[in-house]
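The block underneath contains the structure these notes are about, expressed in structure tokens.
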Amino acid sequence: MSRTELHGQVAIVTGGSRGIGLAISVALAEAGAAVAVLGRNGERAVEAAGTLPGEGHAGFACDVANPDAVKATLSAIEDDLGPVTILVNNAGITRDNILLRMKDEEFDEVIATNLKGAFNFTRAVTRGMMKRRTGSILNISSVVGLQGNAGQANYAASKAGLVGLTKSVAKELASRGVRCNAIAPGFIHTDMTEDLGESQVERLQQLIPMGSLGEPEDVAGVARFLVGPEARYITGQVLAVDGGMVM
Ligand code: NAI
């Protein structure tokens, strides 16, 4: 199926070289956007950009937790691809531990990447989007941010923080033509969930009304919708893509 609804748009996808980020990059590229794929590893980001359908994509090395790197990368992207109209804050990490054993670094690293990273990029793209009076920002949160999860206090706090960030940015920028939404994926088959044991997967499946983990493409289709023109009247929303886990 050929789609054109994002033709002429320039999209950034952080952590776009694998997993959910790669699936979102593919979906946006299929819809006609030029995609800047960002990853900590520049070579992998360039390689992933080269596999996307269509033309005009590029890969960039960028640690989202570093505000100076974010500013420099945005400027390189805009020199290369043009003004950014779509931002997907997808980069994320886990450093799981029970609360009593959780080290300062484990807490700080997760907040720095998952929450501060999204803030860094959102702040960087906002001036241009406001000036042009158009833009769409999408944050990849998690059902864990809505419900909490034992052993993931750091991750849950970062993902709940993204919900607050999403709603605040949506309120602040709505009158300037910029929308901001979030997706809260449930459990999705990626490298992040690869290490779950068989018994953990079985236990999880019992919590999922639809009975199975999701695929990156399940999140990507919703991402394409939320950043695209069909969602032009939707802002400040958090949409769970989770097989019915959170209702
Ligand atoms: P993944 O581990 O396969 O991919 C994460 C990507 O983020 C990687 O490309 C990694 O290089 C990049 N990244 C990590 N730290 C970065 C940094 N400081 N700067 C730039 N890039 C960085 O994970 P997955 O599963 O694809 O997750 C994508 C997003 O979806 C994450 O935010 C994750 O928290 C979220 N999520 C995933 C779920 C799952 O079940 N897989 C469920 C709910 C949310």
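If you're wondering about the labels, chains in the structure tokens are A, B, ... by order shown, residues count from 1 in each chain, ligands from 1 in order shown.
By chain and then residue number, the residues within 8 Å of region 178-182 of chain A are Met129, Met130, Arg133, Thr134, Gly135, Ser136, Ile137, Leu138, Asn139, Ile140, Ser141, Leu162, Val163, Thr166, Lys167, Val169, Ala170, Leu226, Arg232, Ile234, Thr235, Gly236, Gln237, Val238 and Leu239 of chain A, counting only C-alpha atoms and disregarding those fewer than 6 positions away in sequence.
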Residues contacting ligand 1 - anything with an atom at most 6 Å away, using only C-alpha atoms and all ligand atoms - can you give me those as a PyMOL selection string? chain A and resi 14-21+39-40+62-65+90-93+113+140-142+185-193
Give me, as an MDAnalysis selection string, all polymer residues having an atom no more than 12 Å from Thr51 (chain A), counting only C-alpha atoms and skipping those fewer than 4 positions away in the same chain. chainID A and resid 16:18 22:23 25:26 29:30 35 37 44:47 55:59
Counting only C-alpha atoms, the residue of A:Asn154, A:Gln206, A:Ser199, A:Thr4 that sits nearest Lys103 (chain A):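 With only C-alpha atoms as the atom set, the closest residue is A:Asn154.
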Taking only C-alpha atoms into account, which of A:Leu52, A:Phe119, A:Tyr233, A:Glu215 comes nearest Ser175 (chain A)?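 Closest residue, counting only C-alpha atoms: A:Tyr233.
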Can you pull out every residue from region 9-247 of chain A that DSSP, working from the backbone, puts in helix (DSSP H, G or I), and format the result as JSON, numbers by chain? {"A": [19, 20, 21, 22, 23, 24, 25, 26, 27, 28, 29, 30, 42, 43, 44, 45, 46, 47, 48, 49, 50, 67, 68, 69, 70, 71, 72, 73, 74, 75, 76, 77, 78, 79, 80, 81, 99, 100, 101, 104, 105, 106, 107, 108, 109, 110, 111, 112, 113, 114, 115, 116, 117, 118, 119, 120, 121, 122, 123, 124, 125, 126, 127, 128, 129, 130, 131, 132, 143, 144, 145, 146, 147, 153, 154, 155, 156, 157, 158, 159, 160, 161, 162, 163, 164, 165, 166, 167, 168, 169, 170, 171, 172, 173, 174, 175, 176, 191, 192, 193, 198, 199, 200, 201, 202, 203, 204, 205, 206, 207, 216, 217, 218, 219, 220, 221, 222, 223, 224, 225, 226, 227, 229, 230, 231]}
